[in-house]
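my_file28.json follows; it contains JSON, C-alpha atoms.
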[["chain", "number", "residue", "atom", "x", "y", "z"],
["W", 1, "MET", "CA", 101.90, 101.20, 197.57],
["W", 2, "SER", "CA", 99.81, 104.19, 198.68],
["W", 3, "SER", "CA", 100.36, 103.32, 202.36],
["W", 4, "VAL", "CA", 104.11, 103.09, 201.81],
["W", 5, "ARG", "CA", 104.13, 106.44, 199.99],
["W", 6, "SER", "CA", 102.12, 108.03, 202.78],
["W", 7, "ALA", "CA", 104.53, 106.71, 205.43],
["W", 8, "PHE", "CA", 107.56, 108.14, 203.63],
["W", 9, "ASN", "CA", 105.86, 111.47, 203.05],
["W", 10, "LYS", "CA", 105.05, 111.77, 206.76],
["W", 11, "ALA", "CA", 108.61, 110.83, 207.74],
["W", 12, "SER", "CA", 110.36, 113.10, 205.25],
["W", 13, "ASN", "CA", 111.14, 116.10, 207.47],
["W", 14, "ASN", "CA", 112.94, 114.09, 210.17],
["W", 15, "TYR", "CA", 114.06, 111.16, 208.02],
["W", 16, "ASP", "CA", 117.77, 112.00, 207.95],
["W", 17, "ASP", "CA", 117.92, 112.25, 211.76],
["W", 18, "HIS", "CA", 117.01, 108.57, 212.10],
["W", 19, "ALA", "CA", 118.38, 107.05, 208.87],
["W", 20, "PHE", "CA", 121.69, 105.86, 210.30],
["W", 21, "LEU", "CA", 121.73, 102.58, 208.43],
["W", 22, "GLN", "CA", 120.46, 104.17, 205.22],
["W", 23, "LYS", "CA", 123.31, 106.70, 205.27],
["W", 24, "GLU", "CA", 125.90, 103.97, 205.78],
["W", 25, "VAL", "CA", 124.53, 101.77, 203.00],
["W", 26, "ALA", "CA", 124.33, 104.74, 200.60],
["W", 27, "SER", "CA", 127.99, 105.48, 201.32],
["W", 28, "ARG", "CA", 129.00, 101.86, 200.74],
["W", 29, "LEU", "CA", 127.02, 101.72, 197.51],
["W", 30, "ASP", "CA", 128.67, 104.93, 196.32],
["W", 31, "GLU", "CA", 132.11, 103.43, 197.02],
["W", 32, "LYS", "CA", 131.35, 100.61, 194.59],
["W", 33, "LEU", "CA", 131.53, 103.23, 191.83],
["W", 34, "ASN", "CA", 135.24, 103.81, 192.54],
["W", 35, "VAL", "CA", 136.26, 101.50, 189.69],
["W", 36, "ILE", "CA", 133.84, 102.94, 187.14],
["W", 37, "THR", "CA", 135.86, 104.99, 184.68],
["W", 38, "THR", "CA", 133.40, 105.25, 181.81],
["W", 39, "HIS", "CA", 131.93, 108.69, 181.12],
["W", 40, "SER", "CA", 128.38, 109.01, 182.41],
["W", 41, "ASN", "CA", 126.19, 111.84, 181.14],
["W", 42, "ILE", "CA", 122.92, 110.82, 182.76],
["W", 43, "ILE", "CA", 122.67, 109.10, 186.15],
["W", 44, "LEU", "CA", 119.31, 108.14, 187.65],
["W", 45, "ASP", "CA", 119.09, 107.92, 191.43],
["W", 46, "LEU", "CA", 116.05, 105.66, 191.74],
["W", 47, "GLY", "CA", 114.19, 106.05, 195.02],
["W", 48, "ALA", "CA", 116.33, 109.07, 195.82],
["W", 49, "GLY", "CA", 114.30, 110.20, 198.82],
["W", 50, "THR", "CA", 115.84, 113.07, 200.75],
["W", 51, "GLY", "CA", 119.14, 112.72, 198.92],
["W", 52, "LEU", "CA", 121.41, 110.48, 201.01],
["W", 53, "LEU", "CA", 122.84, 108.94, 197.84],
["W", 54, "SER", "CA", 122.17, 111.90, 195.54],
["W", 55, "ASP", "CA", 124.62, 114.08, 197.48],
["W", 56, "ASN", "CA", 127.38, 111.49, 197.04],
["W", 57, "LEU", "CA", 126.66, 111.20, 193.33],
["W", 58, "LYS", "CA", 126.84, 114.96, 192.82],
["W", 59, "ARG", "CA", 130.31, 115.00, 194.37],
["W", 60, "ARG", "CA", 131.48, 111.97, 192.39],
["W", 61, "PHE", "CA", 130.06, 113.06, 189.04],
["W", 62, "PRO", "CA", 130.18, 116.89, 189.08],
["W", 63, "ASN", "CA", 129.82, 117.12, 185.30],
["W", 64, "SER", "CA", 126.99, 114.63, 184.96],
["W", 65, "LYS", "CA", 123.24, 115.19, 185.09],
["W", 66, "ILE", "CA", 121.91, 113.55, 188.24],
["W", 67, "ILE", "CA", 118.18, 112.81, 188.20],
["W", 68, "ALA", "CA", 116.59, 112.18, 191.61],
["W", 69, "LEU", "CA", 113.39, 110.17, 191.24],
["W", 70, "ASP", "CA", 111.06, 109.16, 194.06],
["W", 71, "PHE", "CA", 107.35, 108.51, 194.50],
["W", 72, "ALA", "CA", 107.18, 110.44, 197.80],
["W", 73, "GLN", "CA", 106.82, 114.13, 196.93],
["W", 74, "ASN", "CA", 107.67, 115.40, 200.41],
["W", 75, "SER", "CA", 110.91, 113.44, 200.44],
["W", 76, "LEU", "CA", 111.95, 115.04, 197.16],
["W", 77, "LYS", "CA", 111.25, 118.49, 198.60],
["W", 78, "ASN", "CA", 114.13, 117.84, 201.01],
["W", 79, "ASN", "CA", 116.41, 116.61, 198.21],
["W", 80, "GLN", "CA", 118.77, 119.34, 197.00],
["W", 81, "THR", "CA", 119.33, 117.81, 193.55],
["W", 82, "ALA", "CA", 118.50, 120.17, 190.69],
["W", 83, "ASN", "CA", 116.71, 117.59, 188.55],
["W", 84, "LYS", "CA", 113.89, 115.89, 190.44],
["W", 85, "ILE", "CA", 111.00, 113.73, 189.26],
["W", 86, "CYS", "CA", 108.11, 112.47, 191.39],
["W", 87, "ALA", "CA", 107.09, 109.17, 189.80],
["W", 88, "ASN", "CA", 106.56, 105.45, 190.30],
["W", 89, "ALA", "CA", 109.67, 103.33, 189.68],
["W", 90, "ASN", "CA", 107.57, 100.77, 187.81],
["W", 91, "HIS", "CA", 106.58, 103.41, 185.24],
["W", 92, "LEU", "CA", 109.62, 105.59, 184.67],
["W", 93, "PRO", "CA", 108.89, 108.80, 182.73],
["W", 94, "LEU", "CA", 112.20, 108.54, 180.85],
["W", 95, "ALA", "CA", 112.99, 107.75, 177.24],
["W", 96, "ASP", "CA", 114.35, 104.40, 176.11],
["W", 97, "ASN", "CA", 118.16, 104.15, 176.20],
["W", 98, "SER", "CA", 118.55, 107.48, 177.99],
["W", 99, "ALA", "CA", 120.52, 106.75, 181.20],
["W", 100, "ASP", "CA", 124.14, 105.68, 181.57],
["W", 101, "ILE", "CA", 123.75, 104.49, 185.18],
["W", 102, "VAL", "CA", 120.70, 103.60, 187.25],
["W", 103, "ILE", "CA", 121.60, 103.41, 190.92],
["W", 104, "SER", "CA", 119.25, 102.70, 193.78],
["W", 105, "SER", "CA", 119.88, 102.47, 197.52],
["W", 106, "LEU", "CA", 117.41, 100.63, 199.75],
["W", 107, "MET", "CA", 114.36, 101.26, 197.60],
["W", 108, "MET", "CA", 113.71, 97.98, 195.78],
["W", 109, "GLN", "CA", 112.40, 96.20, 198.89],
["W", 110, "TRP", "CA", 109.31, 98.41, 198.66],
["W", 111, "CYS", "CA", 108.58, 97.33, 195.07],
["W", 112, "PRO", "CA", 106.27, 94.28, 194.99],
["W", 113, "ASP", "CA", 106.80, 93.67, 191.24],
["W", 114, "LEU", "CA", 110.54, 93.26, 190.64],
["W", 115, "LYS", "CA", 109.91, 91.87, 187.15],
["W", 116, "GLN", "CA", 108.28, 95.13, 186.07],
["W", 117, "LEU", "CA", 110.89, 97.21, 187.91],
["W", 118, "PHE", "CA", 113.88, 95.57, 186.24],
["W", 119, "ALA", "CA", 112.15, 95.69, 182.85],
["W", 120, "GLU", "CA", 111.74, 99.46, 183.23],
["W", 121, "ILE", "CA", 115.35, 99.95, 184.36],
["W", 122, "HIS", "CA", 116.57, 97.86, 181.42],
["W", 123, "ARG", "CA", 114.46, 99.94, 179.05],
["W", 124, "VAL", "CA", 115.81, 103.33, 180.15],
["W", 125, "LEU", "CA", 119.46, 102.25, 180.32],
["W", 126, "LYS", "CA", 121.69, 102.83, 177.34],
["W", 127, "ASN", "CA", 123.49, 99.88, 175.80],
["W", 128, "ASP", "CA", 126.44, 99.06, 178.07],
["W", 129, "GLY", "CA", 124.62, 100.95, 180.84],
["W", 130, "LEU", "CA", 125.03, 99.92, 184.47],
["W", 131, "ILE", "CA", 122.49, 99.04, 187.13],
["W", 132, "LEU", "CA", 123.80, 99.16, 190.71],
["W", 133, "PHE", "CA", 121.64, 98.80, 193.80],
["W", 134, "SER", "CA", 121.27, 97.84, 197.44],
["W", 135, "THR", "CA", 118.21, 96.31, 199.05],
["W", 136, "PHE", "CA", 117.22, 94.30, 202.11],
["W", 137, "GLY", "CA", 117.30, 90.50, 202.27],
["W", 138, "PRO", "CA", 115.08, 88.04, 204.16],
["W", 139, "ASP", "CA", 117.12, 88.03, 207.40],
["W", 140, "THR", "CA", 116.41, 91.73, 207.93],
["W", 141, "LEU", "CA", 114.89, 92.38, 211.39],
["W", 142, "LYS", "CA", 115.00, 88.66, 212.11],
["W", 143, "GLU", "CA", 114.92, 89.28, 215.88],
["W", 144, "LEU", "CA", 111.70, 91.24, 215.55],
["W", 145, "LYS", "CA", 110.18, 88.60, 213.26],
["W", 146, "LYS", "CA", 111.02, 85.76, 215.63],
["W", 147, "SER", "CA", 109.76, 87.69, 218.65],
["W", 148, "TRP", "CA", 106.41, 88.30, 216.96],
["W", 149, "SER", "CA", 106.22, 84.67, 215.76],
["W", 150, "VAL", "CA", 105.91, 83.53, 219.38],
["W", 151, "VAL", "CA", 102.90, 85.80, 219.83],
["W", 152, "ASP", "CA", 100.79, 84.73, 216.84],
["W", 153, "ASN", "CA", 100.95, 83.56, 213.23],
["W", 154, "GLU", "CA", 100.23, 86.95, 211.69],
["W", 155, "THR", "CA", 102.69, 88.86, 209.50],
["W", 156, "HIS", "CA", 104.07, 91.70, 211.62],
["W", 157, "VAL", "CA", 107.31, 92.42, 209.74],
["W", 158, "ASN", "CA", 107.80, 93.00, 206.04],
["W", 159, "THR", "CA", 109.25, 90.12, 204.04],
["W", 160, "PHE", "CA", 112.12, 90.68, 201.62],
["W", 161, "ALA", "CA", 113.27, 88.81, 198.51],
["W", 162, "ASP", "CA", 116.24, 86.44, 198.50],
["W", 163, "MET", "CA", 119.25, 87.67, 196.50],
["W", 164, "HIS", "CA", 119.11, 84.61, 194.22],
["W", 165, "ASP", "CA", 115.51, 85.42, 193.31],
["W", 166, "ILE", "CA", 116.54, 89.02, 192.62],
["W", 167, "GLY", "CA", 119.35, 87.81, 190.35],
["W", 168, "ASP", "CA", 116.91, 85.60, 188.45],
["W", 169, "GLN", "CA", 114.58, 88.56, 187.91],
["W", 170, "MET", "CA", 117.49, 90.59, 186.53],
["W", 171, "LEU", "CA", 118.39, 87.82, 184.09],
["W", 172, "GLY", "CA", 114.77, 87.61, 183.02],
["W", 173, "ALA", "CA", 114.78, 91.35, 182.26],
["W", 174, "GLY", "CA", 117.78, 90.96, 179.96],
["W", 175, "PHE", "CA", 120.70, 91.97, 182.18],
["W", 176, "GLN", "CA", 123.91, 90.08, 181.64],
["W", 177, "SER", "CA", 125.64, 88.10, 184.40],
["W", 178, "PRO", "CA", 124.28, 89.86, 187.50],
["W", 179, "VAL", "CA", 126.68, 89.92, 190.45],
["W", 180, "MET", "CA", 125.08, 89.69, 193.88],
["W", 181, "GLU", "CA", 126.71, 90.25, 197.28],
["W", 182, "MET", "CA", 125.40, 90.22, 200.83],
["W", 183, "GLU", "CA", 126.56, 91.59, 204.15],
["W", 184, "THR", "CA", 125.01, 91.74, 207.61],
["W", 185, "LEU", "CA", 124.84, 95.03, 209.52],
["W", 186, "THR", "CA", 123.57, 95.29, 213.09],
["W", 187, "LEU", "CA", 122.17, 98.30, 214.92],
["W", 188, "THR", "CA", 121.74, 98.22, 218.69],
["W", 189, "TYR", "CA", 119.04, 99.76, 220.86],
["W", 190, "GLN", "CA", 118.29, 100.26, 224.53],
["W", 191, "THR", "CA", 114.67, 99.14, 224.13],
["W", 192, "VAL", "CA", 112.38, 97.56, 221.54],
["W", 193, "THR", "CA", 110.34, 100.74, 221.59],
["W", 194, "ASP", "CA", 113.42, 102.69, 220.48],
["W", 195, "LEU", "CA", 113.75, 100.36, 217.48],
["W", 196, "LEU", "CA", 110.09, 100.69, 216.55],
["W", 197, "ARG", "CA", 110.31, 104.47, 216.92],
["W", 198, "ASP", "CA", 113.25, 104.56, 214.50],
["W", 199, "LEU", "CA", 111.42, 102.40, 211.98],
["W", 200, "LYS", "CA", 108.40, 104.67, 212.11],
["W", 201, "ALA", "CA", 110.57, 107.79, 211.84],
["W", 202, "ILE", "CA", 112.04, 106.63, 208.53],
["W", 203, "GLY", "CA", 108.69, 105.49, 207.15],
["W", 204, "ALA", "CA", 109.59, 101.81, 207.37],
["W", 205, "GLN", "CA", 106.37, 100.61, 208.96],
["W", 206, "THR", "CA", 106.88, 96.97, 209.87],
["W", 207, "VAL", "CA", 103.19, 96.03, 209.85],
["W", 208, "SER", "CA", 101.47, 98.10, 207.19],
["W", 209, "THR", "CA", 98.42, 95.84, 206.80],
["W", 210, "ARG", "CA", 97.70, 94.73, 210.37],
["W", 211, "SER", "CA", 94.34, 95.25, 212.00],
["W", 212, "LYS", "CA", 94.19, 97.12, 215.28],
["W", 213, "SER", "CA", 93.07, 93.96, 217.05],
["W", 214, "LEU", "CA", 96.43, 92.34, 216.35],
["W", 215, "MET", "CA", 98.24, 94.94, 218.42],
["W", 216, "GLY", "CA", 96.64, 94.33, 221.79],
["W", 217, "LYS", "CA", 98.66, 95.40, 224.79],
["W", 218, "ASP", "CA", 99.21, 91.83, 226.02],
["W", 219, "LYS", "CA", 100.56, 90.66, 222.68],
["W", 220, "PHE", "CA", 102.81, 93.66, 222.39],
["W", 221, "GLN", "CA", 104.26, 93.10, 225.86],
["W", 222, "LEU", "CA", 104.84, 89.42, 225.11],
["W", 223, "MET", "CA", 106.69, 90.35, 221.93],
["W", 224, "ILE", "CA", 108.90, 92.74, 223.92],
["W", 225, "LYS", "CA", 109.59, 90.00, 226.49],
["W", 226, "MET", "CA", 110.69, 87.62, 223.74],
["W", 227, "TYR", "CA", 112.88, 90.28, 222.12],
["W", 228, "GLU", "CA", 114.64, 90.78, 225.47],
["W", 229, "SER", "CA", 116.15, 87.30, 225.08],
["W", 230, "TYR", "CA", 118.40, 88.75, 222.36],
["W", 231, "ARG", "CA", 119.93, 91.36, 224.66],
["W", 232, "GLN", "CA", 123.74, 91.26, 224.70],
["W", 233, "ASP", "CA", 126.08, 93.55, 226.60],
["W", 234, "GLY", "CA", 123.10, 95.61, 227.67],
["W", 235, "LYS", "CA", 121.91, 96.26, 224.10],
["W", 236, "LEU", "CA", 119.20, 94.84, 221.84],
["W", 237, "PRO", "CA", 120.39, 93.97, 218.31],
["W", 238, "ALA", "CA", 118.50, 94.69, 215.11],
["W", 239, "THR", "CA", 119.97, 92.74, 212.22],
["W", 240, "TYR", "CA", 119.83, 93.92, 208.62],
["W", 241, "GLU", "CA", 120.74, 91.71, 205.68],
["W", 242, "VAL", "CA", 121.94, 94.12, 203.00],
["W", 243, "ILE", "CA", 122.10, 92.88, 199.41],
["W", 244, "TYR", "CA", 124.15, 94.62, 196.73],
["W", 245, "GLY", "CA", 123.74, 93.87, 193.04],
["W", 246, "HIS", "CA", 125.05, 95.11, 189.73],
["W", 247, "ALA", "CA", 124.84, 94.17, 186.07],
["W", 248, "TRP", "CA", 125.33, 95.63, 182.62],
["W", 249, "LYS", "CA", 122.78, 95.95, 179.83],
["W", 250, "ARG", "CA", 123.81, 93.81, 176.85],
["W", 251, "VAL", "CA", 127.48, 94.45, 177.38],
["W", 252, "SER", "CA", 130.40, 92.43, 176.10],
["W", 253, "THR", "CA", 132.42, 90.80, 178.86],
["W", 254, "ILE", "CA", 135.64, 91.55, 176.98],
["W", 255, "GLY", "CA", 137.52, 94.50, 178.45],
["W", 256, "LYS", "CA", 134.78, 95.47, 180.89],
["W", 257, "ILE", "CA", 135.56, 96.24, 184.52],
["W", 258, "ASP", "CA", 133.95, 94.05, 187.17],
["W", 259, "ILE", "CA", 132.97, 96.17, 190.16],
["W", 260, "ASN", "CA", 132.63, 93.20, 192.49],
["W", 261, "ASN", "CA", 134.73, 93.44, 195.64],
["W", 262, "GLN", "CA", 138.17, 92.02, 195.12]]
Transcribe the structure of this file into structure tokens.
Amino acid sequence: MSSVRSAFNKASNNYDDHAFLQKEVASRLDEKLNVITTHSNIILDLGAGTGLLSDNLKRRFPNSKIIALDFAQNSLKNNQTANKICANANHLPLADNSADIVISSLMMQWCPDLKQLFAEIHRVLKNDGLILFSTFGPDTLKELKKSWSVVDNETHVNTFADMHDIGDQMLGAGFQSPVMEMETLTLTYQTVTDLLRDLKAIGAQTVSTRSKSLMGKDKFQLMIKMYESYRQDGKLPATYEVIYGHAWKRVSTIGKIDINNQ
């Protein structure tokens, strides 16, 4: 986790300039709150970073207390939310039953222990509280994964949990009837190097544990050659599997709004 935190801290100043996908997903996640009519006093933006989602929440809930929490201190420095906490999502410094909504955009994929994460979120949510999140699924950066797989058998790209496994973890933490959705978004690049530069600029290092020997020039060039086979209409695609999930904490299903897409 320390390497991930360090990467995000280093990327914080220029993060927003490269976070095209993150901005879009934050906007789409915010739109899922359109059907929420219950009054929310306390809203926790979990993994708030520089504030891509926090800014939307402040506009949507002008009379609510928005808490921006992130483990990367430098990212929070660029977040304009009044209430900010630098902390680990697996050990939330919040009281039991204190938040009406916990919302998180593209943070959970960096948490290796989803069981602990969902247990903490369940603890801090009030009864009838809502958890709403987005995260990456296993097909994310599949072109890059496949291109590296031709080079060697090492892990060069982060792996992400399947949405069914995420749903099971939510059930295990006590959430009722989790609803999971998935969509595929694709960014395009002129070169593989442009893609890798973007990933580094947002702190999303694809190979955080590799040894230097794995990144020899010949292997790198072979990976690029393989990636070129995906070029279409002059562009290289980078696929992202985006998972959305929501659930309520011990809530009756009678008279409760379902925020799933109609």
Contact check, stretch 19-109 of chain W to stretch 119-139 of chain W, at most 9 Å, counting only C-alpha atoms, closest pairs as a Markdown table:
| residue | atom | partner | partner_atom | distance |
| --- | --- | --- | --- | --- |
| W:Val25 | CA | W:Ser134 | CA | 7.5 |
| W:Ala26 | CA | W:Ser134 | CA | 8.2 |
| W:Leu29 | CA | W:Ser134 | CA | 6.9 |
| W:Lys32 | CA | W:Leu132 | CA | 8.6 |
| W:Leu33 | CA | W:Leu132 | CA | 8.8 |
| W:Ala89 | CA | W:Glu120 | CA | 7.8 |
| W:Asn90 | CA | W:Glu120 | CA | 6.3 |
| W:His91 | CA | W:Glu120 | CA | 6.8 |
| W:Leu92 | CA | W:Glu120 | CA | 6.6 |
| W:Leu94 | CA | W:Val124 | CA | 6.4 |
| W:Ala95 | CA | W:Val124 | CA | 6.0 |
| W:Asp96 | CA | W:Val124 | CA | 4.4 |
| W:Asn97 | CA | W:Lys126 | CA | 3.9 |
| W:Ser98 | CA | W:Val124 | CA | 5.4 |
| W:Ala99 | CA | W:Leu125 | CA | 4.7 |
| W:Asp100 | CA | W:Gly129 | CA | 4.8 |
| W:Ile101 | CA | W:Leu130 | CA | 4.8 |
| W:Val102 | CA | W:Ile131 | CA | 4.9 |
| W:Ile103 | CA | W:Leu132 | CA | 4.8 |
| W:Ser104 | CA | W:Phe133 | CA | 4.6 |
| W:Ser105 | CA | W:Ser134 | CA | 4.8 |
| W:Leu106 | CA | W:Thr135 | CA | 4.4 |
| W:Met107 | CA | W:Thr135 | CA | 6.4 |
| W:Met108 | CA | W:Thr135 | CA | 5.8 |
| W:Gln109 | CA | W:Thr135 | CA | 5.8 |
- If you count only C-alpha atoms, which residues fall within 10 Å of W:Val151, apart from same-chain ones fewer than 6 positions away, as a list in words? Leu214, Asp218, Lys219, Phe220, Gln221, Leu222, Met223 and Met226 of chain W
- In Å, how far is it from atom CA of W:His164 to atom CA of W:Lys249?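 Atom CA of W:Lys249 lies 18.7 Å from atom CA of W:His164.
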- Using all atoms listed in the file, which of the listed residues (W:Leu76, W:Asn88, W:Tyr244, W:Asp55) sits closest to W:Asp113? W:Asn88
- Quick one, how far is atom CA of W:Leu52 from atom CA of W:Ser64?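 Value for the atom CA of W:Leu52-atom CA of W:Ser64 distance: 17.5 Å.
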- Item | Residues within 8 Å of (125.3, 90.7, 204.0), counting all atoms listed in the file, listed as number ranges by chain | W: 181-185, 240-243
- Using all atoms listed in the file, which residue out of W:Asn41, W:Asn153, W:Asn158, W:Thr191 lies closest to W:Asn63?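 Among the listed residues, the smallest separation from W:Asn63 belongs to W:Asn41.
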- Selected residue of minimal separation from W:Tyr189 among W:Ser149, W:Gln232, W:Thr159, W:Ser40, counting all atoms listed in the file: W:Gln232
- Could you pull the residues within 9 Å of W:Leu57, counting all atoms listed in the file, minus those fewer than 6 positions along the same chain, as an MDAnalysis selection string? chainID W and resid 30 43 45 66
Restricted to C-alpha atoms, what would the selected residues look like written as a compact mmCIF listing (two decimals), keeping the file's coordinate frame?
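And here's out.txt as it stands now:
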# COMPACT_ATOMS: atom_id res chain seq x y z
CA ASP W 30 128.67 104.93 196.32
CA ILE W 43 122.67 109.10 186.15
CA ASP W 45 119.09 107.92 191.43
CA ILE W 66 121.91 113.55 188.24
- Message: Just want the 12 Å neighbourhood of W:Pro178, counted on all atoms listed in the file, with same-chain residues fewer than 6 positions away dropped. Output as a list in words.
- Response: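 After dropping sequence-adjacent residues, the list is Phe118, Leu130, Ile131, Leu132, Phe133, Met163, His164, Asp165, Ile166, Gly167, Asp168, Gln169, Met170, Leu171, Gly172, Tyr244, Gly245, His246, Ala247, Trp248, Lys249, Arg250, Val251, Thr253, Asp258, Ile259 and Asn260 of chain W.
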- Polymer residues at most 12 Å from (117.2, 100.9, 223.5) by all atoms listed in the file, as a PyMOL selection string: chain W and resi 187-198+224+227-228+231-238
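Comparing the minimum interatomic distances between W:Gln73 and each of W:Ala201, W:Ile85, W:Leu117, W:Asp152, counting all atoms listed in the file, we find that W:Ile85 sits nearest.
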- Note on the structure: Counting all atoms listed in the file, the residue among W:Ser147, W:Asn79, W:Thr186, W:Gln176 that lies closest to W:Leu53 is W:Asn79
- Rank nothing, just name the residue among W:Leu21, W:Gln80, W:Lys225, W:Asn34 nearest to W:Arg60, using all atoms listed in the file.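 The shortest atom-to-atom distance to W:Arg60 comes from W:Asn34.
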